[in-house]
Amino acid sequence: MEKTEIFVVGGGAAGMAAAIEAARAGAKVTVIDENERPGGQLFKQIHKFFGSGVHRAGTRGMQIGRDLLKEAREAGVKTRLNTVVYGIYPGKRLGLVCGDHTEELTSPIIILATGASENALAFPGWTLPGVMGAGATQTLININRVLPGRQALMVGAGNVGLIVTYQLLQAGGDVAAIVEALPYIGGYGVHASKVRRAGVSILTSHMVLRAEGNESVERAVIAQVDEKWQPVAGTEEVLEVDTICLAVGLSPLAELAWIAGCQFSYLPALGGWVPVHDENMESSLQGIYVAGDLAGIEEASTAMEEGRLAGLSAAEALGYLSHEVAETRKIEVQERLAALRIGSFGDGWAMAKKEFLRARCEK
């Protein structure tokens, strides 16, 4: 049975940041990821980050991903790729599937950074080929260089919907419109302005009624909705599209935390069922930490900061950092997190997080 001091499950932004911090402190860290390479969603993000310099404003997500991988190698982080963790059992034992065999690993500390899955949206015709998540669209165009269709409809005007719309245009596709059931745009104004300048209409208080087509999507029927989310008769409109992209939110990939026995709390503002954790990102189970979208749906910059918190806390728990040094470093990270959560979008998250931390388990 292979042993290490810290296993990080998930090699995305949060997991790599956690691994780097813990390894730099001196801990022996192994990252486990089911994909062919670590880096997660960052390699799909061809757009530039914005905000402050400390959060890599002006740098494209894929470059941040490359930088994280370089830092991880230099820190001595080990990686196990093409490996699926199917369970966590007493004694912090991980059950793995790698290729055609299974095995068990154990360590004093586990950091779960398993990310999130896209939400689906059911409507007549939603199972037709051509209906897909916006993340799948982003993977096709930015990773595999495949245009999923020539004319798309985007459902959802949050940041993901707005960003992927623009990336579809960059890839050579057309977007007939963005429909949003809410009466307002959920994403940042800078993203909304960019797609509008490119000629894409954002139709708030609208929904998809159905997708039509023989063997794949050929049309989408949309309509206005009233304050009770019901279609308004006589407002139906037919759009000739071959692709319908769904950007209707994310949910934490929390199965491993459930299996491990972590305590959960249901908070819609954070994506649904979220493992209860403290300011150090430690769950209700001693030695099991959570970070990134598993700990509540936010942005990549926030995921990396939460990963750093988890990595520092894990290194402190193992004795690689003194309490004084760890606290100083963690305060710096928490201040950066607070800066990310300021503003109209951050206010709602902060209220949810305050409620969440009140519900956290007693250590």
# chains A, B, ... in the order shown; residues from 1 in each chain; ligands from 1
$ residues_around --residues "Ser251 in chain A" --least-positions-apart "3" --cutoff "7 Å" --atoms "only C-alpha atoms" --output "PyMOL selection string"
chain A and resi 116-119+271-272
$ closest_atom_pairs --of "range 49-141 of chain A" --to "range 191-211 of chain A" --cutoff "9 Å" --atoms "only C-alpha atoms" --output "CSV"
residue,atom,partner,partner_atom,distance
A:Phe123,CA,A:Arg210,CA,5.6
A:Pro124,CA,A:Arg210,CA,4.8
A:Gly125,CA,A:Ala211,CA,4.6
A:Trp126,CA,A:Ala211,CA,6.3
A:Thr127,CA,A:Ala211,CA,9.0
A:Leu128,CA,A:Ala211,CA,7.8
A:Val131,CA,A:Ala211,CA,8.5
$ write_last_selection --atoms "N, CA and C atoms" --output "mmCIF file, in the first residue's frame"
data_model
loop_
_atom_site.group_PDB
_atom_site.id
_atom_site.type_symbol
_atom_site.label_atom_id
_atom_site.label_comp_id
_atom_site.auth_asym_id
_atom_site.auth_seq_id
_atom_site.Cartn_x
_atom_site.Cartn_y
_atom_site.Cartn_z
ATOM 1 N N PHE A 123 -36.039 20.125 -21.203
ATOM 2 C CA PHE A 123 -37.138 20.692 -21.986
ATOM 3 C C PHE A 123 -37.370 19.745 -23.157
ATOM 4 N N PRO A 124 -38.528 19.784 -23.792
ATOM 5 C CA PRO A 124 -38.760 18.887 -24.919
ATOM 6 C C PRO A 124 -37.648 19.007 -25.970
ATOM 7 N N GLY A 125 -37.030 17.876 -26.290
ATOM 8 C CA GLY A 125 -35.951 17.866 -27.274
ATOM 9 C C GLY A 125 -34.569 18.034 -26.674
ATOM 10 N N TRP A 126 -34.461 18.068 -25.347
ATOM 11 C CA TRP A 126 -33.153 18.341 -24.743
ATOM 12 C C TRP A 126 -32.162 17.194 -24.881
ATOM 13 N N THR A 127 -32.649 16.009 -25.283
ATOM 14 C CA THR A 127 -31.743 14.880 -25.486
ATOM 15 C C THR A 127 -31.246 14.773 -26.927
ATOM 16 N N LEU A 128 -31.657 15.673 -27.796
ATOM 17 C CA LEU A 128 -31.175 15.648 -29.177
ATOM 18 C C LEU A 128 -29.680 15.956 -29.230
ATOM 19 N N VAL A 131 -27.465 19.476 -28.143
ATOM 20 C CA VAL A 131 -27.704 20.122 -26.851
ATOM 21 C C VAL A 131 -26.580 19.682 -25.919
#
$ atom_distance --atom1 "CA of Met16 in chain A" --atom2 "CA of Asn144 in chain A"
22.8 Å
$ closest_residue --among "A:Val333, A:Ile259, A:Leu253, A:Ala177" --to "Gly296 in chain A" --atoms "only C-alpha atoms"
A:Leu253
$ residues_around --residues "range 86-101 of chain A" --least-positions-apart "3" --cutoff "6 Å" --atoms "only C-alpha atoms" --output "list in words"
Thr83, Glu104, Leu105, Thr106, Leu256 and Ala260 of chain A
$ closest_residue --among "A:Pro183, A:Gly130, A:Pro252, A:Pro268" --to "Gln224 in chain A" --atoms "only C-alpha atoms"
A:Pro183
$ atom_distance --atom1 "CA of Ala291 in chain A" --atom2 "CA of Ile185 in chain A"
27.6 Å
$ atom_distance --atom1 "CA of Ala22 in chain A" --atom2 "CA of Val77 in chain A"
9.1 Å
$ closest_residue --among "A:Arg219, A:Ile109, A:Gly12, A:Gly234" --to "Ala27 in chain A" --atoms "only C-alpha atoms"
A:Ile109
$ residues_around --residues "Leu309 in chain A" --least-positions-apart "6" --cutoff "9 Å" --atoms "only C-alpha atoms" --output "number ranges by chain"
A: 17-18, 21, 279-281, 291, 329-330, 333-334
$ write_last_selection --atoms "N, CA and C atoms" --output "short mmCIF file (atom, residue, chain, number, x, y, z; two decimals), in the first residue's frame"
data_model
loop_
_atom_site.label_atom_id
_atom_site.label_comp_id
_atom_site.auth_asym_id
_atom_site.auth_seq_id
_atom_site.Cartn_x
_atom_site.Cartn_y
_atom_site.Cartn_z
N ALA A 17 -2.93 24.38 -6.43
CA ALA A 17 -2.50 25.42 -5.50
C ALA A 17 -2.27 24.84 -4.11
N ALA A 18 -3.15 23.92 -3.67
CA ALA A 18 -2.99 23.29 -2.36
C ALA A 18 -1.70 22.46 -2.32
N GLU A 21 1.52 24.71 -2.11
CA GLU A 21 1.77 25.31 -0.79
C GLU A 21 2.28 24.27 0.19
N GLU A 279 -12.51 27.96 8.62
CA GLU A 279 -11.71 28.96 7.91
C GLU A 279 -10.43 28.37 7.35
N ASN A 280 -10.00 27.21 7.88
CA ASN A 280 -8.80 26.54 7.38
C ASN A 280 -9.11 25.55 6.27
N MET A 281 -10.38 25.48 5.85
CA MET A 281 -10.85 24.57 4.81
C MET A 281 -10.90 23.12 5.28
N ALA A 291 -11.56 22.24 -0.98
CA ALA A 291 -11.18 23.51 -1.59
C ALA A 291 -11.78 23.61 -2.98
N ARG A 329 0.70 33.54 7.05
CA ARG A 329 0.46 33.22 5.63
C ARG A 329 -1.04 33.10 5.34
N LYS A 330 -1.77 32.47 6.26
CA LYS A 330 -3.21 32.28 6.02
C LYS A 330 -3.96 33.61 6.06
N VAL A 333 -3.72 35.15 2.69
CA VAL A 333 -4.62 34.51 1.73
C VAL A 333 -6.06 34.95 1.99
N GLN A 334 -6.46 34.98 3.26
CA GLN A 334 -7.83 35.38 3.58
C GLN A 334 -8.11 36.81 3.17
#
$ closest_residue --among "A:Ala176, A:Ala72, A:Pro129, A:Leu246" --to "Gly158 in chain A" --atoms "only C-alpha atoms"
A:Leu246
$ select_by_dssp --residues "range 85-235 of chain A" --states "strand (DSSP E)" --output "VMD selection string"
chain A and resid 85 to 89 93 to 98 101 to 106 109 to 112 116 to 118 131 to 133 151 to 155 174 to 180 202 to 204 206 to 212 219 to 224
$ select_by_dssp --residues "range 188-340 of chain A" --states "alpha helix (DSSP H)" --output "NGL selection string"
:A and (189-197 or 255-260 or 300-317 or 323-340)
$ write_last_selection --atoms "N, CA and C atoms" --output "compact mmCIF listing (two decimals), in the first residue's frame"
# COMPACT_ATOMS: atom_id res chain seq x y z
N GLY A 189 -20.54 42.92 -16.23
CA GLY A 189 -20.86 43.83 -17.31
C GLY A 189 -19.82 43.85 -18.41
N VAL A 190 -18.55 43.65 -18.05
CA VAL A 190 -17.49 43.67 -19.05
C VAL A 190 -17.68 42.54 -20.06
N HIS A 191 -18.13 41.36 -19.59
CA HIS A 191 -18.37 40.24 -20.50
C HIS A 191 -19.63 40.48 -21.35
N ALA A 192 -20.68 41.01 -20.72
CA ALA A 192 -21.92 41.28 -21.45
C ALA A 192 -21.69 42.32 -22.54
N SER A 193 -20.94 43.36 -22.22
CA SER A 193 -20.67 44.41 -23.21
C SER A 193 -19.91 43.86 -24.41
N LYS A 194 -19.00 42.94 -24.14
CA LYS A 194 -18.17 42.38 -25.22
C LYS A 194 -19.03 41.61 -26.22
N VAL A 195 -19.95 40.77 -25.73
CA VAL A 195 -20.77 39.99 -26.67
C VAL A 195 -21.79 40.87 -27.37
N ARG A 196 -22.28 41.89 -26.68
CA ARG A 196 -23.21 42.81 -27.35
C ARG A 196 -22.54 43.58 -28.46
N ARG A 197 -21.31 44.01 -28.21
CA ARG A 197 -20.57 44.72 -29.27
C ARG A 197 -20.32 43.81 -30.47
N GLU A 255 -19.42 13.68 -4.19
CA GLU A 255 -19.63 12.26 -3.86
C GLU A 255 -18.59 11.71 -2.90
N LEU A 256 -17.32 12.03 -3.12
CA LEU A 256 -16.28 11.48 -2.25
C LEU A 256 -16.42 12.01 -0.82
N ALA A 257 -16.79 13.27 -0.69
CA ALA A 257 -16.99 13.83 0.65
C ALA A 257 -18.18 13.17 1.35
N TRP A 258 -19.22 12.85 0.58
CA TRP A 258 -20.36 12.12 1.15
C TRP A 258 -19.91 10.74 1.62
N ILE A 259 -19.18 10.03 0.75
CA ILE A 259 -18.74 8.68 1.09
C ILE A 259 -17.87 8.70 2.35
N ALA A 260 -17.01 9.72 2.45
CA ALA A 260 -16.11 9.81 3.61
C ALA A 260 -16.87 10.06 4.90
N ALA A 300 -12.20 30.89 -10.58
CA ALA A 300 -10.92 30.19 -10.53
C ALA A 300 -9.95 30.84 -9.56
N SER A 301 -9.95 32.18 -9.50
CA SER A 301 -9.03 32.87 -8.59
C SER A 301 -9.34 32.50 -7.14
N THR A 302 -10.63 32.44 -6.81
CA THR A 302 -11.04 32.05 -5.46
C THR A 302 -10.66 30.61 -5.18
N ALA A 303 -10.84 29.74 -6.16
CA ALA A 303 -10.49 28.33 -5.98
C ALA A 303 -9.01 28.17 -5.63
N MET A 304 -8.16 28.93 -6.32
CA MET A 304 -6.73 28.83 -6.03
C MET A 304 -6.41 29.32 -4.63
N GLU A 305 -7.05 30.40 -4.20
CA GLU A 305 -6.80 30.92 -2.85
C GLU A 305 -7.27 29.93 -1.79
N GLU A 306 -8.43 29.30 -2.03
CA GLU A 306 -8.90 28.28 -1.07
C GLU A 306 -7.95 27.09 -1.04
N GLY A 307 -7.42 26.73 -2.21
CA GLY A 307 -6.43 25.66 -2.25
C GLY A 307 -5.20 26.01 -1.43
N ARG A 308 -4.75 27.26 -1.54
CA ARG A 308 -3.59 27.68 -0.76
C ARG A 308 -3.87 27.59 0.73
N LEU A 309 -5.09 27.99 1.13
CA LEU A 309 -5.46 27.87 2.55
C LEU A 309 -5.41 26.42 3.01
N ALA A 310 -5.97 25.53 2.21
CA ALA A 310 -5.98 24.12 2.57
C ALA A 310 -4.56 23.57 2.64
N GLY A 311 -3.71 23.93 1.68
CA GLY A 311 -2.34 23.45 1.68
C GLY A 311 -1.54 23.94 2.87
N LEU A 312 -1.70 25.22 3.21
CA LEU A 312 -1.00 25.77 4.37
C LEU A 312 -1.49 25.11 5.66
N SER A 313 -2.80 24.92 5.76
CA SER A 313 -3.37 24.31 6.97
C SER A 313 -2.90 22.87 7.13
N ALA A 314 -2.84 22.15 6.00
CA ALA A 314 -2.37 20.76 6.05
C ALA A 314 -0.90 20.70 6.46
N ALA A 315 -0.08 21.60 5.91
CA ALA A 315 1.35 21.63 6.27
C ALA A 315 1.53 21.96 7.74
N GLU A 316 0.69 22.87 8.26
CA GLU A 316 0.75 23.21 9.69
C GLU A 316 0.37 22.00 10.54
N ALA A 317 -0.68 21.29 10.13
CA ALA A 317 -1.13 20.12 10.89
C ALA A 317 -0.06 19.04 10.97
N HIS A 323 2.77 27.49 14.06
CA HIS A 323 1.46 28.14 14.10
C HIS A 323 1.59 29.61 13.72
N GLU A 324 2.62 30.27 14.18
CA GLU A 324 2.79 31.70 13.91
C GLU A 324 3.01 31.95 12.42
N VAL A 325 3.89 31.17 11.80
CA VAL A 325 4.15 31.35 10.37
C VAL A 325 2.91 31.01 9.55
N ALA A 326 2.25 29.90 9.91
CA ALA A 326 1.05 29.50 9.18
C ALA A 326 -0.04 30.55 9.28
N GLU A 327 -0.26 31.11 10.48
CA GLU A 327 -1.30 32.12 10.66
C GLU A 327 -1.01 33.36 9.84
N THR A 328 0.24 33.78 9.80
CA THR A 328 0.61 34.95 9.01
C THR A 328 0.31 34.72 7.53
N ARG A 329 0.70 33.54 7.05
CA ARG A 329 0.46 33.22 5.63
C ARG A 329 -1.04 33.10 5.34
N LYS A 330 -1.77 32.47 6.26
CA LYS A 330 -3.21 32.28 6.02
C LYS A 330 -3.96 33.61 6.06
N ILE A 331 -3.55 34.52 6.91
CA ILE A 331 -4.20 35.84 6.95
C ILE A 331 -4.01 36.55 5.62
N GLU A 332 -2.83 36.43 5.03
CA GLU A 332 -2.58 37.04 3.72
C GLU A 332 -3.53 36.47 2.67
N VAL A 333 -3.72 35.15 2.69
CA VAL A 333 -4.62 34.51 1.73
C VAL A 333 -6.06 34.95 1.99
N GLN A 334 -6.46 34.98 3.26
CA GLN A 334 -7.83 35.38 3.58
C GLN A 334 -8.11 36.81 3.17
N GLU A 335 -7.13 37.68 3.25
CA GLU A 335 -7.31 39.06 2.80
C GLU A 335 -7.50 39.12 1.29
N ARG A 336 -6.77 38.28 0.57
CA ARG A 336 -6.95 38.24 -0.89
C ARG A 336 -8.32 37.67 -1.24
N LEU A 337 -8.76 36.68 -0.48
CA LEU A 337 -10.10 36.13 -0.70
C LEU A 337 -11.18 37.19 -0.46
N ALA A 338 -11.01 37.96 0.61
CA ALA A 338 -11.97 39.01 0.92
C ALA A 338 -12.04 40.03 -0.21
N ALA A 339 -10.89 40.35 -0.81
CA ALA A 339 -10.87 41.30 -1.91
C ALA A 339 -11.61 40.76 -3.13
N LEU A 340 -11.50 39.46 -3.37
CA LEU A 340 -12.21 38.86 -4.49
C LEU A 340 -13.72 38.87 -4.30
$ closest_residue --among "A:Ala113, A:Ala13, A:Ile143, A:Ile178" --to "Gly156 in chain A" --atoms "only C-alpha atoms"
A:Ile178
$ closest_residue --among "A:Val84, A:Val217, A:Ile110, A:Val9" --to "Gly149 in chain A" --atoms "only C-alpha atoms"
A:Val217
